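Just entry.pdb here, PDB, C-alpha atoms and all ligand atoms:
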ATOM      1  CA  MET A  10     -11.025  14.929 -18.510  1.00  0.00           C
ATOM      2  CA  PRO A  11     -11.046  13.409 -15.057  1.00  0.00           C
ATOM      3  CA  ILE A  12      -8.149  14.248 -12.829  1.00  0.00           C
ATOM      4  CA  TYR A  13      -7.984  12.266  -9.643  1.00  0.00           C
ATOM      5  CA  GLU A  14      -5.926  12.848  -6.578  1.00  0.00           C
ATOM      6  CA  TYR A  15      -3.808  10.036  -5.292  1.00  0.00           C
ATOM      7  CA  HIS A  16      -1.948   9.502  -2.075  1.00  0.00           C
ATOM      8  CA  CYS A  17       1.175   7.451  -1.631  1.00  0.00           C
ATOM      9  CA  ASN A  18       1.051   5.420   1.550  1.00  0.00           C
ATOM     10  CA  ARG A  19       4.791   5.025   1.560  1.00  0.00           C
ATOM     11  CA  CYS A  20       6.102   8.567   1.306  1.00  0.00           C
ATOM     12  CA  SER A  21       2.802  10.369   1.950  1.00  0.00           C
ATOM     13  CA  HIS A  22       3.157  12.169  -1.343  1.00  0.00           C
ATOM     14  CA  ASP A  23      -0.068  13.473  -2.814  1.00  0.00           C
ATOM     15  CA  PHE A  24      -0.279  13.822  -6.556  1.00  0.00           C
ATOM     16  CA  GLU A  25      -2.818  14.367  -9.248  1.00  0.00           C
ATOM     17  CA  TYR A  26      -3.197  12.000 -12.132  1.00  0.00           C
ATOM     18  CA  LEU A  27      -5.052  12.504 -15.374  1.00  0.00           C
ATOM     19  CA  VAL A  28      -7.042   9.342 -15.845  1.00  0.00           C
ATOM     20  CA  LEU A  29      -7.486   8.379 -19.457  1.00  0.00           C
ATOM     21  CA  GLY A  30      -9.657   5.420 -20.307  1.00  0.00           C
ATOM     22  CA  GLY A  31      -9.668   4.055 -16.791  1.00  0.00           C
ATOM     23  CA  ASP A  32      -5.898   4.036 -16.653  1.00  0.00           C
ATOM     24  CA  GLU A  33      -4.514   4.334 -13.154  1.00  0.00           C
ATOM     25  CA  PRO A  34      -1.069   5.573 -12.105  1.00  0.00           C
ATOM     26  CA  GLY A  35      -0.192   2.352 -10.327  1.00  0.00           C
ATOM     27  CA  GLU A  36       2.849   3.837  -8.702  1.00  0.00           C
ATOM     28  CA  CYS A  37       4.002   6.945  -6.922  1.00  0.00           C
ATOM     29  CA  PRO A  38       5.827   9.404  -9.208  1.00  0.00           C
ATOM     30  CA  GLN A  39       8.036  10.414  -6.318  1.00  0.00           C
ATOM     31  CA  CYS A  40       9.221   7.190  -4.739  1.00  0.00           C
ATOM     32  CA  GLY A  41       7.952   4.628  -7.241  1.00  0.00           C
ATOM     33  CA  ALA A  42       5.980   2.651  -4.676  1.00  0.00           C
ATOM     34  CA  ALA A  43       2.920   0.836  -5.966  1.00  0.00           C
ATOM     35  CA  ASP A  44       1.177   1.520  -2.706  1.00  0.00           C
ATOM     36  CA  VAL A  45      -0.949   4.419  -3.882  1.00  0.00           C
ATOM     37  CA  CYS A  46      -4.504   5.164  -2.948  1.00  0.00           C
ATOM     38  CA  ARG A  47      -7.040   7.263  -4.793  1.00  0.00           C
ATOM     39  CA  LEU A  48      -8.348  10.045  -2.628  1.00  0.00           C
ATOM     40  CA  MET A  49     -12.073   9.505  -2.669  1.00  0.00           C
ATOM     41  CA  SER A  50     -14.686   9.301   0.011  1.00  0.00           C
ATOM     42  CA  ALA A  51     -14.730   5.520  -0.106  1.00  0.00           C
ATOM     43  CA  CYS A  52     -11.055   5.304   0.609  1.00  0.00           C
ATOM     44  CA  GLY A  53      -9.918   6.346   4.043  1.00  0.00           C
ATOM     45  CA  PHE A  54      -8.143   9.633   3.835  1.00  0.00           C
ATOM     46  CA  VAL A  55      -4.699   9.492   5.309  1.00  0.00           C
ATOM     47  CA  SER A  56      -3.799  12.704   7.009  1.00  0.00           C
ATOM     48  CA  LYS A  57      -1.162  14.621   5.116  1.00  0.00           C
ATOM     49  CA  GLY A  58       2.279  15.056   6.473  1.00  0.00           C
ATOM     50  CA  ALA A  59       1.972  12.158   8.854  1.00  0.00           C
ATOM     51  CA  GLY A  60       4.879  10.303   7.358  1.00  0.00           C
ATOM     52  CA  GLY A  61       6.249   7.159   8.906  1.00  0.00           C
ATOM     53  CA  GLU A  62       3.142   5.227   7.977  1.00  0.00           C
ATOM     54  CA  THR A  63       3.656   1.566   8.601  1.00  0.00           C
ATOM     55  CA  VAL A  64       2.804  -0.121   5.362  1.00  0.00           C
ATOM     56  CA  SER A  65       2.076  -3.785   5.507  1.00  0.00           C
ATOM     57  CA  SER A  66       1.562  -4.921   1.967  1.00  0.00           C
ATOM     58  CA  SER A  67      -0.284  -8.167   2.274  1.00  0.00           C
ATOM     59  CA  ALA A  68      -0.204  -9.429  -1.255  1.00  0.00           C
ATOM     60  CA  GLY A  69      -3.408 -10.466  -2.905  1.00  0.00           C
ATOM     61  CA  SER A  70      -5.796  -8.784  -0.546  1.00  0.00           C
ATOM     62  CA  SER A  71      -7.505  -5.870  -2.215  1.00  0.00           C
ATOM     63  CA  CYS A  72      -8.732  -3.086  -0.043  1.00  0.00           C
ATOM     64  CA  SER A  73     -12.341  -3.473   1.037  1.00  0.00           C
ATOM     65  CA  GLY A  74     -12.875   0.253   1.212  1.00  0.00           C
ATOM     66  CA  CYS A  75     -11.262   1.242  -2.031  1.00  0.00           C
ATOM     67  CA  SER A  76     -11.959   0.218  -5.598  1.00  0.00           C
ATOM     68  CA  ALA A  77      -8.331   0.494  -6.563  1.00  0.00           C
ATOM     69  CA  THR A  78      -6.565  -2.837  -6.494  1.00  0.00           C
ATOM     70  CA  SER A  79      -3.302  -1.103  -5.767  1.00  0.00           C
ATOM     71  CA  CYS A  80      -4.625   0.291  -2.521  1.00  0.00           C
ATOM     72  CA  ALA A  81      -2.949  -2.035  -0.082  1.00  0.00           C
ATOM     73  CA  GLY A  82      -2.039   0.366   2.665  1.00  0.00           C
ATOM     74  CA  CYS A  83      -5.007   2.619   3.280  1.00  0.00           C
ATOM     75  CA  SER A  84      -6.635   2.529   6.665  1.00  0.00           C
ATOM     76  CA  HIS A  85      -9.178  -0.102   5.679  1.00  0.00           C
TER      77      HIS A  85
HETATM   78 ZN    ZN A 101       5.567   7.671  -2.758  1.00  0.00          ZN
END
Represent the structure from my file as structure tokens, please.
Amino acid sequence: MPIYEYHCNRCSHDFEYLVLGGDEPGECPQCGAADVCRLMSACGFVSKGAGGETVSSSAGSSCSGCSATSCAGCSH
């Protein structure tokens, strides 16, 4: 079973999520923000522990460097 790592762009919390049938977490289990990003090579890795990331959630625009539609705050 595929377990992917996700990163929350709001609280910088990294968590693993067991993906079943293409289901995605959609939100951070810690702070509940929908601004999560799957940690894969295509999606810019945000350095851990940085905190204070300025998240500008421009609605509607999906990330060009990440397949996840919920990735609104990664570095792309
Ligand atoms: Zn979070």
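For the file shown, the residue list from the PyMOL selection byres (((chain A and resi 40) around 10) and not hetatm) reads A:Cys17, A:Arg19, A:Cys20, A:Ser21, A:His22, A:Glu36, A:Cys37, A:Pro38, A:Gln39, A:Gly41, A:Ala42, A:Ala43.
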Mind writing the picked residues with C-alpha atoms as a CSV table (one decimal), in the coordinates of the input?
chain,number,residue,atom,x,y,z
A,17,CYS,CA,1.2,7.5,-1.6
A,19,ARG,CA,4.8,5.0,1.6
A,20,CYS,CA,6.1,8.6,1.3
A,21,SER,CA,2.8,10.4,2.0
A,22,HIS,CA,3.2,12.2,-1.3
A,36,GLU,CA,2.8,3.8,-8.7
A,37,CYS,CA,4.0,6.9,-6.9
A,38,PRO,CA,5.8,9.4,-9.2
A,39,GLN,CA,8.0,10.4,-6.3
A,41,GLY,CA,8.0,4.6,-7.2
A,42,ALA,CA,6.0,2.7,-4.7
A,43,ALA,CA,2.9,0.8,-6.0
ask   = Which is closer to ligand ZN 101 (chain A) than all the others in A:Gly35, A:Leu48, A:Val28, A:Pro11, using all atoms listed in the file?
value =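 Closest to ligand ZN 101 (chain A), using all atoms listed in the file: A:Gly35.
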inquiry  = So that I can see what lies close to A:His16, please list as a list in words the residues with an atom at most 8 Å from it, counting all atoms listed in the file and leaving out residues fewer than 2 positions away in the same chain.
reply    =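 Listing them by chain and then by number gives Glu14, Asn18, Ser21, His22, Asp23, Phe24, Val45, Cys46, Arg47, Leu48 and Val55 of chain A.
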inquiry  = For the PyMOL selection byres (((chain A and resi 29) around 9) and not hetatm), applied here, can you spell out every residue it catches as a list in words?
reply    = Met10, Pro11, Ile12, Leu27, Val28, Gly30, Gly31, Asp32 and Glu33 of chain A
